[in-house]
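Shown here: model-v3.cif, mmCIF, C-alpha atoms.
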```cif
data_query
#
loop_
_atom_site.label_atom_id
_atom_site.label_comp_id
_atom_site.auth_asym_id
_atom_site.auth_seq_id
_atom_site.Cartn_x
_atom_site.Cartn_y
_atom_site.Cartn_z
CA MET A 1 -185.29 86.86 -57.85
CA ALA A 2 -185.87 86.58 -54.08
CA TYR A 3 -188.37 84.19 -52.54
CA ASN A 4 -191.65 85.97 -51.77
CA VAL A 5 -191.57 85.38 -47.98
CA PRO A 6 -188.77 85.98 -45.43
CA LEU A 7 -186.60 82.88 -45.07
CA LYS A 8 -185.41 83.77 -41.54
CA ILE A 9 -187.65 84.36 -38.53
CA SER A 10 -186.41 85.82 -35.22
CA PRO A 11 -187.93 84.98 -31.83
CA ASP A 12 -190.37 87.17 -29.94
CA PHE A 13 -189.91 86.43 -26.24
CA SER A 14 -192.81 88.66 -25.25
CA GLN A 15 -194.91 85.67 -26.29
CA ARG A 16 -194.84 82.20 -24.68
CA GLU A 17 -194.89 80.77 -28.19
CA TYR A 18 -191.80 82.69 -29.25
CA ILE A 19 -191.48 81.23 -32.76
CA SER A 20 -194.39 80.23 -35.00
CA ILE A 21 -194.70 79.35 -38.68
CA THR A 22 -197.73 78.16 -40.67
CA PRO A 23 -197.99 76.94 -44.27
CA LYS A 24 -199.56 80.29 -45.18
CA ASP A 25 -196.62 82.17 -43.63
CA ALA A 26 -194.11 79.98 -45.47
CA ALA A 27 -196.02 79.84 -48.77
CA TRP A 28 -195.97 76.06 -48.73
CA GLU A 29 -198.47 73.23 -48.17
CA TYR A 30 -197.75 70.94 -45.22
CA LEU A 31 -195.50 71.97 -42.37
CA TYR A 32 -196.24 73.95 -39.20
CA PHE A 33 -193.69 74.66 -36.47
CA ALA A 34 -193.54 76.55 -33.19
CA ALA A 35 -191.38 76.86 -30.08
CA ARG A 36 -192.58 77.74 -26.60
CA LYS A 37 -191.20 78.32 -23.11
CA ILE A 38 -193.14 77.42 -19.96
CA SER A 39 -192.23 78.25 -16.35
CA ARG A 40 -192.43 75.72 -13.50
CA GLY A 41 -196.00 74.79 -12.60
CA GLN A 42 -197.49 76.40 -15.69
CA SER A 43 -198.96 74.38 -18.53
CA TRP A 44 -199.76 74.37 -22.22
CA ILE A 45 -203.17 72.92 -23.08
CA SER A 46 -203.97 72.15 -26.70
CA SER A 47 -205.36 69.64 -29.18
CA SER A 48 -203.82 68.06 -32.26
CA ASP A 49 -207.16 68.34 -34.10
CA GLU A 50 -206.70 66.83 -37.58
CA ASN A 51 -202.90 66.90 -37.36
CA GLU A 52 -200.10 64.63 -36.26
CA MET A 53 -197.54 66.38 -34.06
CA VAL A 54 -194.09 65.79 -32.59
CA VAL A 55 -193.11 67.73 -29.46
CA VAL A 56 -189.35 67.82 -28.74
CA LEU A 57 -188.13 68.79 -25.27
CA LEU A 58 -185.29 71.18 -26.04
CA GLY A 59 -184.65 71.66 -22.33
CA GLY A 60 -186.35 70.92 -19.04
CA VAL A 61 -188.69 68.33 -17.54
CA ALA A 62 -192.42 67.96 -18.17
CA GLU A 63 -195.47 66.01 -17.15
CA ILE A 64 -197.55 65.11 -20.20
CA ARG A 65 -201.26 64.30 -19.94
CA SER A 66 -203.51 63.45 -22.83
CA SER A 67 -206.76 61.82 -23.84
CA ARG A 68 -204.68 58.78 -24.90
CA GLU A 69 -201.48 58.40 -22.83
CA SER A 70 -199.84 60.18 -19.91
CA TRP A 71 -196.32 60.32 -18.48
CA GLN A 72 -195.35 61.79 -15.11
CA GLU A 73 -191.78 62.85 -15.89
CA VAL A 74 -190.41 63.41 -19.39
CA GLY A 75 -187.06 64.99 -20.14
CA ARG A 76 -183.79 65.57 -18.36
CA ARG A 77 -181.37 67.79 -20.27
CA PRO A 78 -181.43 71.48 -19.24
CA ASP A 79 -180.60 72.53 -22.81
CA VAL A 80 -179.81 70.92 -26.16
CA PHE A 81 -176.06 70.89 -25.53
CA SER A 82 -176.38 68.87 -22.31
CA GLY A 83 -177.83 65.55 -23.42
CA MET A 84 -179.99 63.48 -25.71
CA PRO A 85 -183.60 64.42 -26.50
CA TYR A 86 -186.96 63.28 -25.27
CA ALA A 87 -189.94 63.74 -27.57
CA VAL A 88 -193.60 62.75 -27.90
CA TYR A 89 -195.48 61.77 -31.04
CA ILE A 90 -199.11 62.92 -30.76
CA PRO A 91 -201.66 61.50 -33.21
CA ARG A 92 -204.63 63.40 -34.60
CA GLN A 93 -207.73 64.06 -32.49
CA THR A 94 -205.77 64.09 -29.23
CA GLU A 95 -206.27 66.59 -26.41
CA PHE A 96 -203.14 67.13 -24.34
CA GLU A 97 -201.54 69.17 -21.56
CA VAL A 98 -197.82 69.75 -21.00
CA ILE A 99 -196.89 70.87 -17.46
CA ALA A 100 -193.46 72.31 -16.63
CA LYS A 101 -191.76 70.45 -13.76
CA SER A 102 -188.45 72.32 -14.07
CA ASN A 103 -187.78 76.04 -13.66
CA GLU A 104 -188.06 76.45 -17.42
CA LEU A 105 -189.36 74.12 -20.10
CA ASP A 106 -188.35 74.82 -23.70
CA LEU A 107 -190.34 73.00 -26.40
CA GLY A 108 -190.08 72.79 -30.19
CA TYR A 109 -192.95 71.14 -32.06
CA GLY A 110 -193.89 70.47 -35.64
CA TRP A 111 -197.17 69.28 -37.08
CA THR A 112 -198.99 68.60 -40.31
CA GLN A 113 -202.46 67.55 -41.36
CA THR A 114 -203.15 63.84 -41.66
CA ASN A 115 -206.00 61.44 -42.42
CA GLN A 116 -204.25 58.52 -40.71
CA ASP A 117 -204.24 57.18 -37.16
CA HIS A 118 -200.97 56.16 -35.47
CA PRO A 119 -200.22 55.33 -31.82
CA MET A 120 -199.12 58.02 -29.41
CA GLN A 121 -195.52 57.37 -28.45
CA LEU A 122 -192.95 58.61 -25.94
CA ILE A 123 -189.51 58.82 -27.59
CA THR A 124 -186.65 58.45 -25.10
CA PRO A 125 -182.88 58.90 -25.54
CA GLU A 126 -182.36 55.13 -25.56
CA MET A 127 -184.55 54.87 -28.68
CA ILE A 128 -182.66 57.47 -30.72
CA ASP A 129 -179.96 56.42 -33.18
CA ILE A 130 -176.93 58.73 -33.41
CA ASP A 131 -175.53 59.11 -36.92
CA ILE A 132 -172.04 60.58 -37.32
CA ARG A 133 -172.16 61.88 -40.86
CA GLY A 134 -169.57 63.33 -43.23
CA GLY A 135 -165.87 63.65 -42.43
CA ASP A 136 -163.03 66.08 -41.74
CA ASN A 137 -164.51 69.59 -41.27
CA VAL A 138 -167.87 68.34 -42.58
CA THR A 139 -168.35 65.94 -39.63
CA ARG A 140 -171.59 66.42 -37.72
CA GLN A 141 -173.93 64.52 -35.40
CA ILE A 142 -177.51 63.63 -36.28
CA ASN A 143 -179.97 62.45 -33.62
CA ASN A 144 -182.79 60.62 -35.39
CA ILE A 145 -185.88 61.47 -33.33
CA VAL A 146 -188.56 60.63 -35.92
CA PRO A 147 -186.64 59.05 -38.80
CA PRO A 148 -188.02 57.60 -42.03
CA GLY A 149 -189.90 54.43 -41.12
CA PHE A 150 -191.23 55.79 -37.81
CA ASP A 151 -194.86 54.83 -37.16
CA CYS A 152 -196.45 58.07 -38.39
CA HIS A 153 -197.78 59.53 -41.64
CA LYS A 154 -195.64 62.43 -42.94
CA LEU A 155 -193.39 63.95 -40.27
CA VAL A 156 -189.61 63.57 -39.99
CA ALA A 157 -187.64 65.16 -37.12
CA VAL A 158 -183.89 65.14 -36.48
CA GLU A 159 -181.39 67.13 -34.42
CA VAL A 160 -178.07 68.16 -35.98
CA TYR A 161 -174.96 69.23 -34.05
CA THR A 162 -172.25 71.04 -36.01
CA PRO A 163 -168.96 71.67 -34.15
CA SER A 164 -167.17 75.01 -34.22
CA GLY A 165 -165.90 75.78 -37.73
CA ASN A 166 -167.55 72.74 -39.35
CA TRP A 167 -170.08 72.47 -42.16
CA SER A 168 -173.31 70.47 -42.22
CA SER A 169 -176.12 69.78 -44.67
CA TYR A 170 -173.12 69.35 -46.95
CA PRO A 171 -172.48 68.64 -49.78
CA PRO A 172 -175.42 70.94 -50.51
CA HIS A 173 -178.51 68.82 -51.19
CA LYS A 174 -182.09 69.43 -52.19
CA HIS A 175 -185.43 67.65 -51.84
CA ASP A 176 -187.92 69.63 -53.88
CA HIS A 177 -189.08 67.13 -56.53
CA HIS A 178 -190.62 63.70 -56.02
CA GLN A 179 -188.58 61.31 -58.18
CA VAL A 180 -188.39 57.52 -58.42
CA ASP A 181 -186.05 55.37 -60.51
CA GLU A 182 -187.05 52.77 -63.11
CA ASN A 183 -187.65 50.23 -60.32
CA GLY A 184 -189.93 52.54 -58.39
CA LYS A 185 -187.34 53.31 -55.71
CA LEU A 186 -187.59 56.80 -54.25
CA ILE A 187 -184.50 58.86 -55.10
CA GLU A 188 -185.75 62.31 -54.07
CA ALA A 189 -188.80 63.43 -52.11
CA ASP A 190 -190.52 66.82 -52.27
CA LEU A 191 -190.08 68.05 -48.69
CA GLU A 192 -190.66 71.30 -46.84
CA GLU A 193 -188.11 71.84 -44.05
CA ILE A 194 -187.44 74.14 -41.12
CA TYR A 195 -184.12 74.72 -39.35
CA PHE A 196 -184.58 75.88 -35.74
CA TYR A 197 -181.25 77.00 -34.28
CA LYS A 198 -179.60 76.97 -30.88
CA ILE A 199 -176.06 78.30 -30.43
CA ASP A 200 -173.97 77.37 -27.38
CA LYS A 201 -172.57 80.89 -26.81
CA PRO A 202 -174.58 84.13 -26.57
CA THR A 203 -172.44 85.81 -29.23
CA GLY A 204 -172.32 82.76 -31.51
CA PHE A 205 -173.74 82.42 -34.98
CA ALA A 206 -173.97 80.29 -38.10
CA TYR A 207 -174.50 80.97 -41.78
CA GLN A 208 -176.97 79.17 -44.01
CA ARG A 209 -177.24 79.54 -47.76
CA ILE A 210 -180.47 78.72 -49.60
CA TYR A 211 -180.18 78.56 -53.39
CA THR A 212 -181.83 76.94 -56.40
CA ASP A 213 -180.44 75.85 -59.76
CA ASP A 214 -182.51 78.47 -61.58
CA GLY A 215 -181.48 81.32 -59.24
CA LYS A 216 -185.03 81.96 -58.01
CA ILE A 217 -183.62 81.74 -54.50
CA ASP A 218 -180.04 82.64 -53.61
CA GLU A 219 -179.74 83.97 -50.07
CA LEU A 220 -177.00 83.86 -47.44
CA LEU A 221 -178.48 84.14 -43.95
CA LEU A 222 -176.72 85.07 -40.70
CA VAL A 223 -178.43 82.95 -38.04
CA LYS A 224 -178.28 83.40 -34.26
CA ASP A 225 -179.66 81.58 -31.21
CA ASN A 226 -183.39 80.75 -31.36
CA GLU A 227 -183.81 81.85 -34.98
CA LEU A 228 -185.59 79.77 -37.60
CA VAL A 229 -184.80 79.31 -41.30
CA LEU A 230 -187.24 78.07 -43.93
CA SER A 231 -186.00 75.74 -46.65
CA PRO A 232 -188.87 75.67 -49.16
CA GLU A 233 -186.79 74.38 -52.08
CA GLY A 234 -183.25 74.22 -53.35
CA TYR A 235 -179.93 73.50 -51.64
CA HIS A 236 -179.34 74.59 -48.03
CA PRO A 237 -175.82 74.13 -46.56
CA VAL A 238 -174.82 75.39 -43.09
CA VAL A 239 -171.52 76.45 -41.50
CA SER A 240 -170.90 76.96 -37.77
CA ALA A 241 -168.75 79.97 -36.88
CA PRO A 242 -165.40 79.20 -35.23
CA GLY A 243 -165.72 79.48 -31.45
CA ASN A 244 -169.26 78.16 -31.08
CA ASN A 245 -171.11 74.89 -31.63
CA THR A 246 -174.34 75.03 -33.62
CA TYR A 247 -177.51 72.97 -33.09
CA TYR A 248 -180.55 72.89 -35.28
CA LEU A 249 -183.81 70.99 -35.08
CA ASN A 250 -185.11 69.91 -38.47
CA PHE A 251 -188.75 69.16 -39.14
CA LEU A 252 -189.77 67.98 -42.60
CA ALA A 253 -193.04 67.02 -44.27
CA GLY A 254 -194.04 66.49 -47.87
CA SER A 255 -194.55 63.88 -50.54
CA ALA A 256 -193.14 60.97 -48.48
CA GLN A 257 -192.07 60.15 -44.92
CA ALA A 258 -188.45 60.15 -46.09
CA LEU A 259 -185.17 62.05 -46.28
CA SER A 260 -184.36 61.17 -49.89
CA ALA A 261 -182.36 64.01 -51.47
CA SER A 262 -180.12 64.92 -54.39
CA ASP A 263 -176.66 66.45 -53.95
CA ASP A 264 -175.57 69.53 -55.87
CA PRO A 265 -173.43 67.93 -58.63
CA ASP A 266 -170.93 70.79 -58.37
CA PHE A 267 -170.00 69.72 -54.83
CA ALA A 268 -170.92 66.02 -54.52
CA TRP A 269 -167.28 65.03 -55.16
CA VAL A 270 -166.32 66.43 -51.74
CA LYS A 271 -167.59 63.20 -50.14
CA GLU A 272 -164.70 61.31 -51.77
CA THR A 273 -162.05 63.53 -50.12
CA TYR A 274 -162.81 62.81 -46.45
CA THR A 275 -159.92 61.14 -44.61
CA THR A 276 -161.15 61.00 -41.00
CA LYS A 277 -163.98 61.88 -38.60
CA ASP A 278 -163.74 64.96 -36.41
CA PRO A 279 -162.95 63.60 -32.90
CA ARG A 280 -165.11 66.29 -31.25
CA VAL A 281 -168.21 64.47 -32.48
CA PRO A 282 -170.52 63.31 -30.96
CA LEU A 283 -171.14 66.51 -29.04
CA VAL A 284 -173.91 64.96 -26.92
CA THR A 285 -174.16 61.33 -25.79
CA MET A 286 -176.15 58.93 -23.65
CA GLU A 287 -173.38 59.15 -21.03
CA MET A 288 -174.50 62.72 -20.33
CA GLU A 289 -177.91 61.28 -19.37
CA LYS A 290 -176.30 59.00 -16.77
CA GLU A 291 -174.33 61.71 -14.95
#
```

Would you mind writing the file's structure down as C-alpha cells?
Amino acid sequence: MAYNVPLKISPDFSQREYISITPKDAAWEYLYFAARKISRGQSWISSSDENEMVVVLLGGVAEIRSSRESWQEVGRRPDVFSGMPYAVYIPRQTEFEVIAKSNELDLGYGWTQTNQDHPMQLITPEMIDIDIRGGDNVTRQINNIVPPGFDCHKLVAVEVYTPSGNWSSYPPHKHDHHQVDENGKLIEADLEEIYFYKIDKPTGFAYQRIYTDDGKIDELLLVKDNELVLSPEGYHPVVSAPGNNTYYLNFLAGSAQALSASDDPDFAWVKETYTTKDPRVPLVTMEMEKE
C-alpha cells in the first residue's frame, strides 16, 4: 500500500520559494521546510511567530537583520559543493530580514512550533563538526549544523555528502517509534525528516528507497537536483549515481531533539565488513573557506 501523499517534491522556479512543505502537505505533525532564492539587493522579510527556525545558506552571502540580533555579512560558499555552511538559529517571536549581498542567495530553512525560548545564534563553519561515517563504498561526510544537544527545542539539521557511486543513510535505519531501554536511555526517537537534494552535475541523480517493515511504504525514488524527499517513517537509504556527487540537507523534528535510530536487522551486519574509509571524503572542508 502506498503512502497517501507524494514522497518526492520537485522545485517550482517560477516562485522565489521554490520548494515548500507543511505538516498538512506531508501528513505529519511537526516539520516545515522551504527553499528560496534571492537576487542581489532583494530581501526576504518574515517572522518566526510561534516557531523555532534554522536558516541554512546553501550558497551566497547575506545580511541578516532581526528584532534580536543582526549580522552584516553571513556566508561565503557559492554553492554547497564549494565550502562549509553558515546557518542561523531563529527563536520564536522573532521578526527578521535576509538581504542578498551576492548575485544569488540560495536558502534552505526548516521550522517547527515550540513553546520554549532559546537564544538566536549565528552558526559558522568553525563551529560545525565534520563526521566521516561508514566505510568503503558507504563512506560519507556529515556536517553537523544543529546536532543533538544544540541549544534549541526540537530541530536537528545536518548536511550529508555522498561521493559518486557511494551509499549513505546506510545500513538502512528508521526513527519512527519513541523507545527507551530499561535505564531510560533513548534508543530510538520518533522523527519526521526531509531530504533536500543538490547534485554537482546537471545530469546527475541519486536514488532513495523508503520502506517499512509492514510494507505500508515501499518506494524507490529517482531524485535530481533541488528535489525534496519526505521520510515520514520506515527505512530510507540513499545511493549516489556514478559520475556525480550527491548532497542532501536533512531537517528532523519529533519526539526528541535527537538522531537516535534503529538499523534494519537484515543489513546491520554490513557495518562489520568495512575495511577502510573512502579517500575522497571529506568532499568539503574548512580549507575551502580559506582560499

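Candidate residues A:Pro23, A:Pro237, A:Gly110, A:Gly83 were compared for distance to Pro171 in chain A, and the nearest is A:Pro237, using all atoms listed in the file.
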
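Minimum atom-to-atom distance to Tyr170 in chain A, evaluated using all atoms listed in the file, belongs to A:Ser262 out of A:Ser262, A:Thr275, A:Gln116, A:Ser66.
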
Closest of A:Ser46, A:Asn250, A:Thr139, A:Gln72 to Gly108 in chain A, counting all atoms listed in the file, is A:Asn250

I need the output of the PyMOL selection byres ((chain A and resi 31) around 10) for this file as a PyMOL selection string; which residues are they? chain A and resi 21-24+26+28-30+32-33+110-113+154-155+191-194+251-254

Please return, as a PDB file with C-alpha atoms, in the frame of the given file, all polymer residues that have at least one atom within 12 Å of the point (-201.3, 62.3, -21.1); use all atoms listed in the file and the file's own coordinate frame.
```
ATOM      1  CA  ILE A  45    -203.170  72.920 -23.080  1.00  0.00           C
ATOM      2  CA  SER A  46    -203.970  72.150 -26.700  1.00  0.00           C
ATOM      3  CA  SER A  47    -205.360  69.640 -29.180  1.00  0.00           C
ATOM      4  CA  ALA A  62    -192.420  67.960 -18.170  1.00  0.00           C
ATOM      5  CA  GLU A  63    -195.470  66.010 -17.150  1.00  0.00           C
ATOM      6  CA  ILE A  64    -197.550  65.110 -20.200  1.00  0.00           C
ATOM      7  CA  ARG A  65    -201.260  64.300 -19.940  1.00  0.00           C
ATOM      8  CA  SER A  66    -203.510  63.450 -22.830  1.00  0.00           C
ATOM      9  CA  SER A  67    -206.760  61.820 -23.840  1.00  0.00           C
ATOM     10  CA  ARG A  68    -204.680  58.780 -24.900  1.00  0.00           C
ATOM     11  CA  GLU A  69    -201.480  58.400 -22.830  1.00  0.00           C
ATOM     12  CA  SER A  70    -199.840  60.180 -19.910  1.00  0.00           C
ATOM     13  CA  TRP A  71    -196.320  60.320 -18.480  1.00  0.00           C
ATOM     14  CA  GLN A  72    -195.350  61.790 -15.110  1.00  0.00           C
ATOM     15  CA  GLU A  73    -191.780  62.850 -15.890  1.00  0.00           C
ATOM     16  CA  VAL A  74    -190.410  63.410 -19.390  1.00  0.00           C
ATOM     17  CA  VAL A  88    -193.600  62.750 -27.900  1.00  0.00           C
ATOM     18  CA  TYR A  89    -195.480  61.770 -31.040  1.00  0.00           C
ATOM     19  CA  ILE A  90    -199.110  62.920 -30.760  1.00  0.00           C
ATOM     20  CA  THR A  94    -205.770  64.090 -29.230  1.00  0.00           C
ATOM     21  CA  GLU A  95    -206.270  66.590 -26.410  1.00  0.00           C
ATOM     22  CA  PHE A  96    -203.140  67.130 -24.340  1.00  0.00           C
ATOM     23  CA  GLU A  97    -201.540  69.170 -21.560  1.00  0.00           C
ATOM     24  CA  VAL A  98    -197.820  69.750 -21.000  1.00  0.00           C
ATOM     25  CA  ILE A  99    -196.890  70.870 -17.460  1.00  0.00           C
ATOM     26  CA  MET A 120    -199.120  58.020 -29.410  1.00  0.00           C
ATOM     27  CA  GLN A 121    -195.520  57.370 -28.450  1.00  0.00           C
ATOM     28  CA  LEU A 122    -192.950  58.610 -25.940  1.00  0.00           C
TER      29      LEU A 122
END
```

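Our summary of the geometry notes that CA of Asn245 in chain A is positioned 7.3 Å from CA of Tyr161 in chain A.
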
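Taking CA of Ser82 in chain A as the reference point, CA of His236 in chain A is found at 26.5 Å.
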
May I ask which of the residues A:Tyr248, A:Leu107, A:Ile19, A:Ile9 is the closest one to Trp44 in chain A, counting only C-alpha atoms? A:Leu107

Apply the PyMOL selection byres ((chain A and resi 152) around 8) to the displayed file and report the matching residues as a PyMOL selection string. chain A and resi 52+117-118+149-151+153-155

Name every residue that the PyMOL selection byres ((chain A and resi 41) around 9) selects in this structure, writing the answer as an MDAnalysis selection string with chains first and numbers rising. chainID A and resid 38:40 42:43 99:103

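Near Arg16 in chain A, within 9 Å and counting all atoms listed in the file, sit Ala35, Arg36, Lys37 and Ile38 of chain A, not including residues fewer than 6 positions from it in the same chain.
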
Just checking: using all atoms listed in the file, which residue out of A:Asp213, A:Asp263, A:Asp278, A:Asp12 ends up closest to Glu188 in chain A? A:Asp263

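If you measure from each of A:Pro125, A:Gly135, A:Pro11, A:Pro172 to Ala261 in chain A using all atoms listed in the file, the closest one turns out to be A:Pro172.
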
Nearby residues (all atoms listed in the file) at most 12 Å from Thr285 in chain A, same-chain spacing under 3 positions excluded, as a ChimeraX atom specification: /A:77,80-85,125-126,128-132,141-143,161,280-282,288-291

Report as a PyMOL selection string all protein, DNA and RNA residues lying within 7 Å of Lys198 in chain A, evaluated on all atoms listed in the file, omitting residues in the same chain fewer than 5 positions from it. chain A and resi 225-226+246-248

Go ahead and find all residues with at least one atom no further than 8 Å from (-189.7, 72.3, -55.4) in the file's coordinates, using only C-alpha atoms; report them as a CSV table (one decimal) with C-alpha atoms, in the coordinates of the input.
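This is the output file point.csv:
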```
chain,number,residue,atom,x,y,z
A,175,HIS,CA,-185.4,67.6,-51.8
A,176,ASP,CA,-187.9,69.6,-53.9
A,177,HIS,CA,-189.1,67.1,-56.5
A,190,ASP,CA,-190.5,66.8,-52.3
A,191,LEU,CA,-190.1,68.0,-48.7
A,232,PRO,CA,-188.9,75.7,-49.2
A,233,GLU,CA,-186.8,74.4,-52.1
A,234,GLY,CA,-183.2,74.2,-53.4
```

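Atom pair CA of Asp214 in chain A / CA of Tyr235 in chain A: separated by 11.4 Å.
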